[in-house]
Amino acid sequence: MILKKSIHELKTSRGKVDAEDLRLLQRVAIKDKVAFEKLYARLYPQLSRYLSRLMRRPDMVEEVVNDTLFVVWEKAEQFQGRSKVSTWITGIAYLKGIKALDRLRMMPEQQAQSLHEAEDIEEKSNLISKLGLQEWISNGLDQISIDQRSVVELTYFSGYSYQEIADIMKCPVNTVKTRMFHARRKLAKLLPLLEEHTSAGVDIDREKID
Amino acid sequence: MEKKSVHEEVFKLLPWFTNESLEEKERDLVMAHLRECLECRKERDQLQRIEAIVKETDEVVSNYRFSYNKLLPRIEEAELARENAAGQNEEVKVRNWLPVAGIAASLMLAVGLIGVYQVGLAPQPIVPQAVATDFRTLTTQTQMVGETTRVALTFEQPVQAVTMRKALIETHSNIISGPDESGTYVIEVEIPPAMSGEEYLQSLRKIEGVRYARLGE
């Protein structure tokens, strides 16, 4: 990493969080393990959540998080500063997650629960009660493609702009917008049922109801 | 922009309007359009509800340490491989010079033999000097046994990471903080007993990549 930009220059344009990430990454580039652990601790929650929702394979998340951060350790000096540090690292995580699933040759859509067969609205509503809100959302996310899911996750959970998502997923901005458009259409079908169960005074028991 | 295309564009931008990541110009475009488009207002409201519900399902993430400890052996193995490769490179450099050094030594010896005309003296084999392979990285904190001092070390800009790393290894230091806005690190060092503080700082300033060194806080 050619350390051209000063911390001050980056701090004013990106925010304090990114300035601190950059400071730590610069130290990782010179193989400072103390700094690496701090960076790991900072990014671990965000990466875990993202990969968990992206891959729909909780058993693989830890391995892919570590694969991602190992690349950060090895390649920290290659960071050019054209994006936020978290954007760069999330981009690595996205590719690692996709590759991990490719290796398994699994389509996440195939893991969708019996929801696909539940055509009847009443049956769907009963399923919400049975599964709990969290699993309902989880199953809803299963109905969209991995790329659409990535866009939804990066937008709603991680708060990235569409330009940052394009950088992470290495695709044009219009592709990001199109993927989100299609994901919205699918998720919107779930919304009326969700609202029945999340309106004031109605608590969803998040544990499975047998 | 045509009215229809404004509507279509705003419709697509709404998720990033709700997560508040739009640039000012686009945000103004969306807000102006929302004032006159019922369909987009309904879509915005729906997206806000989806966002709220999706965020409600935020998963609890376990403590990082367990996963980090699983990654550590890989990192240490990579560092060991890097250090061994650096040591082997030095040995290869010496080995590559052996034949040349051997020939040169033989020629010199032959000249000496011819000059002195002493029969029976065998040429001495060239023994390479032991190569120092004690490369230390910043992987482990340097154990300071004596009194330590904090020094603020400023590097040239731009500077290669490998140059900085060499400088920090050469100083046998621990990084305390940095870099700050000027690219300065505060490091903890042990000043050799034979040197004064100023002499030590002078020696630091001679290290490749170092622009300036001063006693830090």
# chains A, B, ... in the order shown; residues from 1 in each chain; ligands from 1
call {"tool": "closest_atom_pairs", "arguments": {"of": "chain B", "to": "chain A", "cutoff": "8 Å", "atoms": "only C-alpha atoms", "output": "CSV"}}
result
residue,atom,partner,partner_atom,distance
B:Lys12,CA,A:Lys177,CA,6.1
B:Leu13,CA,A:Lys177,CA,7.5
B:Pro15,CA,A:Thr155,CA,7.3
B:Trp16,CA,A:Ser161,CA,6.2
B:Asn19,CA,A:Gly159,CA,5.9
B:Glu20,CA,A:Gly159,CA,7.9
B:Ser21,CA,A:Ser161,CA,5.0
B:Leu22,CA,A:Ser161,CA,6.6
B:Gln46,CA,A:Ala188,CA,7.8
B:Ile50,CA,A:Leu191,CA,7.2
B:Glu51,CA,A:Tyr156,CA,5.9
B:Val54,CA,A:Ile137,CA,7.0
B:Lys55,CA,A:Phe157,CA,6.6
B:Thr57,CA,A:Gln134,CA,5.3
B:Glu59,CA,A:Arg49,CA,6.9
B:Val61,CA,A:Pro45,CA,6.0
B:Ser62,CA,A:Pro45,CA,7.9
B:Tyr64,CA,A:Ala41,CA,5.9
B:Arg65,CA,A:Ala41,CA,7.7
B:Ser67,CA,A:Glu62,CA,6.5
B:Tyr68,CA,A:Tyr40,CA,7.5
B:Leu71,CA,A:Asn66,CA,6.0
B:Arg74,CA,A:Phe70,CA,7.9
B:Ile75,CA,A:Phe70,CA,7.2
B:Thr137,CA,A:Lys31,CA,7.0
B:Leu138,CA,A:Asp32,CA,5.1
B:Thr139,CA,A:Lys33,CA,5.1
B:Thr140,CA,A:Lys33,CA,7.3
B:Gln157,CA,A:Lys4,CA,6.1
B:Pro158,CA,A:Lys4,CA,5.0
B:Val159,CA,A:Ile2,CA,5.6
B:Gln160,CA,A:Ile2,CA,5.3
B:Ala161,CA,A:Ile30,CA,5.7
B:Val162,CA,A:Ile30,CA,6.7
B:Met164,CA,A:Ile30,CA,6.8
B:Arg165,CA,A:Ile30,CA,4.9
B:Ile175,CA,A:Asp32,CA,8.0
B:Gly178,CA,A:Arg23,CA,6.8
B:Pro179,CA,A:Arg23,CA,6.0
B:Asp180,CA,A:Ile7,CA,6.2
B:Glu181,CA,A:Ile7,CA,4.4
B:Ser182,CA,A:Ser6,CA,6.2
B:Gly183,CA,A:Ser6,CA,6.6
call {"tool": "write_last_selection", "arguments": {"atoms": "C-alpha atoms", "output": "PDB file, in the first residue's frame"}}
result
ATOM      1  CA  LYS B  12     -35.527   2.570  -8.368  1.00  0.00           C
ATOM      2  CA  LEU B  13     -33.735   4.940  -5.984  1.00  0.00           C
ATOM      3  CA  PRO B  15     -34.447   1.868  -1.183  1.00  0.00           C
ATOM      4  CA  TRP B  16     -31.390   4.139  -0.926  1.00  0.00           C
ATOM      5  CA  ASN B  19     -31.457   4.049   4.052  1.00  0.00           C
ATOM      6  CA  GLU B  20     -30.328   7.681   3.682  1.00  0.00           C
ATOM      7  CA  SER B  21     -27.340   6.967   1.475  1.00  0.00           C
ATOM      8  CA  LEU B  22     -28.272   9.063  -1.568  1.00  0.00           C
ATOM      9  CA  GLN B  46     -43.774  -0.007   2.074  1.00  0.00           C
ATOM     10  CA  ILE B  50     -39.830  -3.852   5.011  1.00  0.00           C
ATOM     11  CA  GLU B  51     -36.673  -2.207   6.321  1.00  0.00           C
ATOM     12  CA  VAL B  54     -35.954  -6.877   8.298  1.00  0.00           C
ATOM     13  CA  LYS B  55     -33.955  -4.963  10.928  1.00  0.00           C
ATOM     14  CA  THR B  57     -34.701  -9.824  12.737  1.00  0.00           C
ATOM     15  CA  GLU B  59     -29.247 -11.816  14.409  1.00  0.00           C
ATOM     16  CA  VAL B  61     -23.527 -12.585  16.602  1.00  0.00           C
ATOM     17  CA  SER B  62     -21.182 -14.499  18.852  1.00  0.00           C
ATOM     18  CA  TYR B  64     -15.239 -12.770  17.677  1.00  0.00           C
ATOM     19  CA  ARG B  65     -12.494 -14.313  19.783  1.00  0.00           C
ATOM     20  CA  SER B  67     -13.214 -17.494  15.403  1.00  0.00           C
ATOM     21  CA  TYR B  68     -10.135 -15.291  15.604  1.00  0.00           C
ATOM     22  CA  LEU B  71      -7.428 -17.978  12.184  1.00  0.00           C
ATOM     23  CA  ARG B  74      -2.889 -19.736   9.576  1.00  0.00           C
ATOM     24  CA  ILE B  75      -1.466 -16.271  10.078  1.00  0.00           C
ATOM     25  CA  THR B 137       8.139  -9.366  12.360  1.00  0.00           C
ATOM     26  CA  LEU B 138       5.689  -7.370  14.385  1.00  0.00           C
ATOM     27  CA  THR B 139       3.687 -10.532  14.892  1.00  0.00           C
ATOM     28  CA  THR B 140       4.753 -10.814  18.493  1.00  0.00           C
ATOM     29  CA  GLN B 157       5.254   9.894   1.873  1.00  0.00           C
ATOM     30  CA  PRO B 158       4.559   7.894  -0.170  1.00  0.00           C
ATOM     31  CA  VAL B 159       6.260   4.917   1.373  1.00  0.00           C
ATOM     32  CA  GLN B 160       6.105   1.218   0.596  1.00  0.00           C
ATOM     33  CA  ALA B 161       4.673  -0.947   3.380  1.00  0.00           C
ATOM     34  CA  VAL B 162       7.667  -3.275   3.118  1.00  0.00           C
ATOM     35  CA  MET B 164       8.126   0.720   6.798  1.00  0.00           C
ATOM     36  CA  ARG B 165       8.071  -2.819   8.058  1.00  0.00           C
ATOM     37  CA  ILE B 175       3.850   0.221  17.872  1.00  0.00           C
ATOM     38  CA  GLY B 178      -0.691   5.733  14.749  1.00  0.00           C
ATOM     39  CA  PRO B 179      -0.502   6.549  12.028  1.00  0.00           C
ATOM     40  CA  ASP B 180      -1.819  10.045  12.655  1.00  0.00           C
ATOM     41  CA  GLU B 181      -2.667  12.659  10.039  1.00  0.00           C
ATOM     42  CA  SER B 182       0.988  13.199   9.164  1.00  0.00           C
ATOM     43  CA  GLY B 183       1.788   9.478   8.906  1.00  0.00           C
TER      44      GLY B 183
END
call {"tool": "closest_residue", "arguments": {"among": "A:Trp88, A:Leu101, A:Lys189, A:Gly140", "to": "A:Met169", "atoms": "only C-alpha atoms"}}
result
A:Trp88
call {"tool": "residues_around", "arguments": {"residues": "A:Thr87", "least_positions_apart": "2", "cutoff": "8 Å", "atoms": "only C-alpha atoms", "output": "tab-separated table (two decimals) with C-alpha atoms, in the first residue's frame"}}
result
chain	number	residue	atom	x	y	z
A	83	SER	CA	-13.36	3.04	-1.39
A	84	LYS	CA	-14.04	2.67	2.32
A	85	VAL	CA	-12.06	-0.07	4.02
A	89	ILE	CA	-13.37	-6.05	2.73
A	90	THR	CA	-17.08	-6.75	2.17
A	91	GLY	CA	-16.28	-7.15	-1.54
A	164	GLU	CA	-20.77	1.06	-2.83
A	165	ILE	CA	-22.81	-2.09	-3.50
A	167	ASP	CA	-18.08	-1.79	-5.93
A	168	ILE	CA	-18.59	-4.71	-3.56
call {"tool": "closest_residue", "arguments": {"among": "B:Glu190, B:Glu156, B:Asp45, B:Glu39", "to": "B:Arg205", "atoms": "only C-alpha atoms"}}
result
B:Glu156
call {"tool": "atom_distance", "arguments": {"atom1": "atom CA of A:Ile144", "atom2": "atom CA of B:His33"}}
result
29.0 Å
call {"tool": "atom_distance", "arguments": {"atom1": "atom CA of B:His7", "atom2": "atom CA of B:Leu34"}}
result
9.3 Å
